[in-house]
Every structure is written in C-alpha cells, then in structure tokens.
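Data block for target36.pdb (PDB, C-alpha atoms and all ligand atoms):
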ATOM      1  CA  MET V   1      -1.776  54.172  -9.510  1.00  0.00           C
ATOM      2  CA  LEU V   2      -4.499  51.605 -10.041  1.00  0.00           C
ATOM      3  CA  SER V   3      -5.072  48.988  -7.401  1.00  0.00           C
ATOM      4  CA  GLU V   4      -5.059  45.328  -8.335  1.00  0.00           C
ATOM      5  CA  PRO V   5      -8.877  44.810  -8.200  1.00  0.00           C
ATOM      6  CA  ALA V   6      -9.301  47.775 -10.535  1.00  0.00           C
ATOM      7  CA  VAL V   7      -6.915  46.212 -13.060  1.00  0.00           C
ATOM      8  CA  LEU V   8      -8.812  42.935 -12.755  1.00  0.00           C
ATOM      9  CA  LEU V   9     -12.158  44.676 -13.336  1.00  0.00           C
ATOM     10  CA  TRP V  10     -10.701  46.461 -16.357  1.00  0.00           C
ATOM     11  CA  GLY V  11      -9.607  43.117 -17.776  1.00  0.00           C
ATOM     12  CA  VAL V  12     -12.965  41.464 -17.094  1.00  0.00           C
ATOM     13  CA  ASN V  13     -14.694  44.419 -18.730  1.00  0.00           C
ATOM     14  CA  ALA V  14     -12.521  43.940 -21.818  1.00  0.00           C
ATOM     15  CA  LEU V  15     -13.408  40.233 -21.936  1.00  0.00           C
ATOM     16  CA  VAL V  16     -17.108  41.090 -21.610  1.00  0.00           C
ATOM     17  CA  ALA V  17     -16.753  43.494 -24.552  1.00  0.00           C
ATOM     18  CA  MET V  18     -15.034  40.772 -26.569  1.00  0.00           C
ATOM     19  CA  THR V  19     -17.817  38.298 -25.782  1.00  0.00           C
ATOM     20  CA  ILE V  20     -20.532  40.770 -26.802  1.00  0.00           C
ATOM     21  CA  ALA V  21     -18.582  41.578 -29.962  1.00  0.00           C
ATOM     22  CA  MET V  22     -18.457  37.888 -30.882  1.00  0.00           C
ATOM     23  CA  ALA V  23     -22.166  37.506 -30.178  1.00  0.00           C
ATOM     24  CA  LYS V  24     -22.812  40.410 -32.536  1.00  0.00           C
ATOM     25  CA  ASP V  25     -20.520  38.959 -35.191  1.00  0.00           C
ATOM     26  CA  ARG V  26     -18.069  41.822 -34.835  1.00  0.00           C
ATOM     27  CA  SER V  27     -14.302  41.925 -34.504  1.00  0.00           C
ATOM     28  CA  ALA V  28     -13.471  40.277 -31.168  1.00  0.00           C
ATOM     29  CA  ALA V  29      -9.828  41.374 -31.157  1.00  0.00           C
ATOM     30  CA  GLY V  30     -10.745  44.910 -32.176  1.00  0.00           C
ATOM     31  CA  TRP V  31     -13.300  45.334 -29.428  1.00  0.00           C
ATOM     32  CA  LEU V  32     -11.010  43.699 -26.863  1.00  0.00           C
ATOM     33  CA  LEU V  33      -8.379  46.306 -27.698  1.00  0.00           C
ATOM     34  CA  LEU V  34     -10.939  49.106 -27.693  1.00  0.00           C
ATOM     35  CA  ALA V  35     -12.293  48.023 -24.304  1.00  0.00           C
ATOM     36  CA  LEU V  36      -8.770  47.939 -22.887  1.00  0.00           C
ATOM     37  CA  LEU V  37      -8.340  51.531 -24.047  1.00  0.00           C
ATOM     38  CA  ALA V  38     -11.817  52.947 -23.399  1.00  0.00           C
ATOM     39  CA  GLY V  39     -12.982  50.699 -20.569  1.00  0.00           C
ATOM     40  CA  PRO V  40     -16.706  50.405 -19.800  1.00  0.00           C
ATOM     41  CA  LEU V  41     -17.471  53.038 -22.448  1.00  0.00           C
ATOM     42  CA  ALA V  42     -16.608  50.503 -25.159  1.00  0.00           C
ATOM     43  CA  VAL V  43     -19.123  48.036 -23.682  1.00  0.00           C
ATOM     44  CA  VAL V  44     -21.847  50.705 -23.646  1.00  0.00           C
ATOM     45  CA  VAL V  45     -21.127  51.651 -27.274  1.00  0.00           C
ATOM     46  CA  LEU V  46     -21.052  47.993 -28.285  1.00  0.00           C
ATOM     47  CA  LEU V  47     -24.412  47.314 -26.643  1.00  0.00           C
ATOM     48  CA  CYS V  48     -25.929  50.160 -28.651  1.00  0.00           C
ATOM     49  CA  LEU V  49     -24.596  48.841 -31.946  1.00  0.00           C
ATOM     50  CA  PRO V  50     -26.800  46.498 -33.947  1.00  0.00           C
ATOM     51  CA  SER V  51     -25.682  42.986 -34.650  1.00  0.00           C
ATOM     52  CA  THR V  52     -24.182  42.385 -38.083  1.00  0.00           C
ATOM     53  CA  GLY V  53     -26.910  39.812 -38.504  1.00  0.00           C
ATOM     54  CA  HIS V  54     -25.089  36.515 -38.240  1.00  0.00           C
ATOM     55  CA  TYR V  55     -27.198  35.131 -35.423  1.00  0.00           C
ATOM     56  CA  ALA V  56     -30.364  36.687 -36.793  1.00  0.00           C
ATOM     57  CA  ALA V  57     -29.625  34.773 -39.988  1.00  0.00           C
ATOM     58  CA  VAL V  58     -29.312  31.564 -37.982  1.00  0.00           C
ATOM     59  CA  ARG V  59     -32.714  32.145 -36.397  1.00  0.00           C
ATOM     60  CA  LEU V  60     -34.655  33.560 -39.325  1.00  0.00           C
ATOM     61  CA  GLU V  61     -33.084  31.885 -42.338  1.00  0.00           C
ATOM     62  CA  PRO V  62     -31.794  28.469 -41.393  1.00  0.00           C
ATOM     63  CA  GLU V  63     -31.674  27.557 -45.076  1.00  0.00           C
ATOM     64  CA  ALA V  64     -29.035  30.272 -45.558  1.00  0.00           C
ATOM     65  CA  MET V  65     -26.780  28.427 -43.144  1.00  0.00           C
ATOM     66  CA  GLU V  66     -24.828  25.262 -43.574  1.00  0.00           C
ATOM     67  CA  LEU V  67     -22.733  23.354 -41.088  1.00  0.00           C
ATOM     68  CA  CYS V  68     -18.982  23.615 -41.430  1.00  0.00           C
ATOM     69  CA  ASP V  69     -17.323  20.493 -42.781  1.00  0.00           C
ATOM     70  CA  SER V  70     -14.638  20.642 -40.119  1.00  0.00           C
ATOM     71  CA  CYS V  71     -16.139  21.983 -36.897  1.00  0.00           C
ATOM     72  CA  PHE V  72     -19.899  21.692 -37.593  1.00  0.00           C
ATOM     73  CA  GLU V  73     -20.605  25.284 -36.608  1.00  0.00           C
ATOM     74  CA  PRO V  74     -23.202  27.109 -38.727  1.00  0.00           C
ATOM     75  CA  VAL V  75     -21.584  28.922 -41.629  1.00  0.00           C
ATOM     76  CA  ARG V  76     -23.328  31.266 -44.010  1.00  0.00           C
ATOM     77  CA  ARG V  77     -23.594  29.865 -47.521  1.00  0.00           C
ATOM     78  CA  ASP V  78     -22.318  33.113 -49.016  1.00  0.00           C
ATOM     79  CA  ARG V  79     -19.064  32.843 -47.089  1.00  0.00           C
ATOM     80  CA  HIS V  80     -16.218  30.844 -48.506  1.00  0.00           C
ATOM     81  CA  ALA V  81     -14.467  30.131 -45.227  1.00  0.00           C
ATOM     82  CA  CYS V  82     -15.700  29.057 -41.815  1.00  0.00           C
ATOM     83  CA  ARG V  83     -15.681  31.916 -39.321  1.00  0.00           C
ATOM     84  CA  TYR V  84     -14.967  29.534 -36.454  1.00  0.00           C
ATOM     85  CA  CYS V  85     -12.133  27.328 -37.691  1.00  0.00           C
ATOM     86  CA  GLY V  86     -11.186  29.031 -40.980  1.00  0.00           C
ATOM     87  CA  ALA V  87     -11.812  25.929 -43.053  1.00  0.00           C
ATOM     88  CA  VAL V  88     -12.560  26.732 -46.683  1.00  0.00           C
ATOM     89  CA  GLN V  89     -16.012  25.528 -47.638  1.00  0.00           C
ATOM     90  CA  PHE V  90     -15.360  23.840 -50.977  1.00  0.00           C
ATOM     91  CA  ALA V  91     -18.688  22.089 -51.319  1.00  0.00           C
ATOM     92  CA  LYS V  92     -20.796  25.161 -50.604  1.00  0.00           C
ATOM     93  CA  ALA V  93     -22.597  27.065 -53.298  1.00  0.00           C
ATOM     94  CA  MET V  94     -20.186  29.578 -54.743  1.00  0.00           C
ATOM     95  CA  PRO V  95     -21.684  31.955 -57.296  1.00  0.00           C
ATOM     96  CA  ARG V  96     -20.128  31.457 -60.691  1.00  0.00           C
TER      97      ARG V  96
HETATM   98 ZN    ZN I 101     -15.440  25.370 -39.113  1.00  0.00          ZN
END
Can I see the file as structure tokens?
Ligand SMILES: [Zn+2]
Amino acid sequence: MLSEPAVLLWGVNALVAMTIAMAKDRSAAGWLLLALLAGPLAVVVLLCLPSTGHYAAVRLEPEAMELCDSCFEPVRRDRHACRYCGAVQFAKAMPR
C-alpha cells in the first residue's frame, strides 16, 4: 500500500503534467488523467511533445492574436471562441 507522501507526490506530479499541458496548449484534463494513471512517465512524454503552437503564435505573430472581449486573454483570430473563458468572439474575423 502506498504511503501518504507517495500519494501526495503522485498528485503533485499530475498537477505538474496538467500545467505543462496547458502551457503547450494541450488538453489539461486529458493529461491530468493520464498522469494519474501513468505517473511521472506522462510528464516525461509530455515534455518531449512539441507545443501545439499557441504560445509560439503569441510571440511570433502578435497580429494573429486578439484580446478576448470578456477576459482579455489573447485569442487566436481563427478561433471562434475564447479558450480561456469560452466567450464567442463575434467581432473577430470569421472567414465567409
Ligand atoms: Zn475570454
């Protein structure tokens, strides 16, 4: 049976995986679950995976980003809804 500190470390590890996943614009809930199942291995795999490019887009193409109307977080112009608060971006350029 696992001791209490080990359970705590497992949980912290899962939260670390979730944080990295969010930083890489990946599924936070998915990686949290995966880290709970696979432990530190999930963190190692996650660190090896490339970012999906959200933050690279913020750095390299600021013109491709626009601030959310509701929460003022940067939102990609080609997305219809804010990834932070879920607000639909009505005023943003939608291809038509
Ligand atoms: Zn928002």
Pick from V:Ala28, V:Ala42, V:Cys48, V:Cys71 nearest to Asn13 in chain V, counting only C-alpha atoms:
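Closest to Asn13 in chain V, using only C-alpha atoms: V:Ala42.
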Picked residues, the PyMOL selection byres (((chain V and resi 45) around 12) and not hetatm), as a ChimeraX atom specification
/V:17,20-21,31,34-35,38-44,46-50
Choose the residue, out of V:Thr52, V:Arg76, V:Val16, V:Met65, that has the smallest atom-to-atom separation from Leu33 in chain V; count only C-alpha atoms.
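With only C-alpha atoms as the atom set, the closest residue is V:Val16.
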Show me which residues sit within 7 Å of ligand ZN 101 (chain I) when counting all atoms listed in the file, and put them as a PDB file with C-alpha atoms, keeping the file's coordinate frame.
ATOM      1  CA  CYS V  68     -18.982  23.615 -41.430  1.00  0.00           C
ATOM      2  CA  ASP V  69     -17.323  20.493 -42.781  1.00  0.00           C
ATOM      3  CA  SER V  70     -14.638  20.642 -40.119  1.00  0.00           C
ATOM      4  CA  CYS V  71     -16.139  21.983 -36.897  1.00  0.00           C
ATOM      5  CA  PHE V  72     -19.899  21.692 -37.593  1.00  0.00           C
ATOM      6  CA  GLU V  73     -20.605  25.284 -36.608  1.00  0.00           C
ATOM      7  CA  CYS V  82     -15.700  29.057 -41.815  1.00  0.00           C
ATOM      8  CA  ARG V  83     -15.681  31.916 -39.321  1.00  0.00           C
ATOM      9  CA  TYR V  84     -14.967  29.534 -36.454  1.00  0.00           C
ATOM     10  CA  CYS V  85     -12.133  27.328 -37.691  1.00  0.00           C
ATOM     11  CA  GLY V  86     -11.186  29.031 -40.980  1.00  0.00           C
ATOM     12  CA  ALA V  87     -11.812  25.929 -43.053  1.00  0.00           C
TER      13      ALA V  87
END
Interatomic distance between CA of Lys24 in chain V and CA of Trp10 in chain V?
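Computing the Euclidean distance for CA of Lys24 in chain V and CA of Trp10 in chain V yields 21.1 Å.
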Computed interatomic separation between CA of Met18 in chain V and CA of Glu63 in chain V (Å)
28.2 Å
Between CA of Arg79 in chain V and CA of Arg26 in chain V, what is the distance, to one decimal in Å?
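Taking CA of Arg79 in chain V as the start and CA of Arg26 in chain V as the end point, the length is 15.2 Å.
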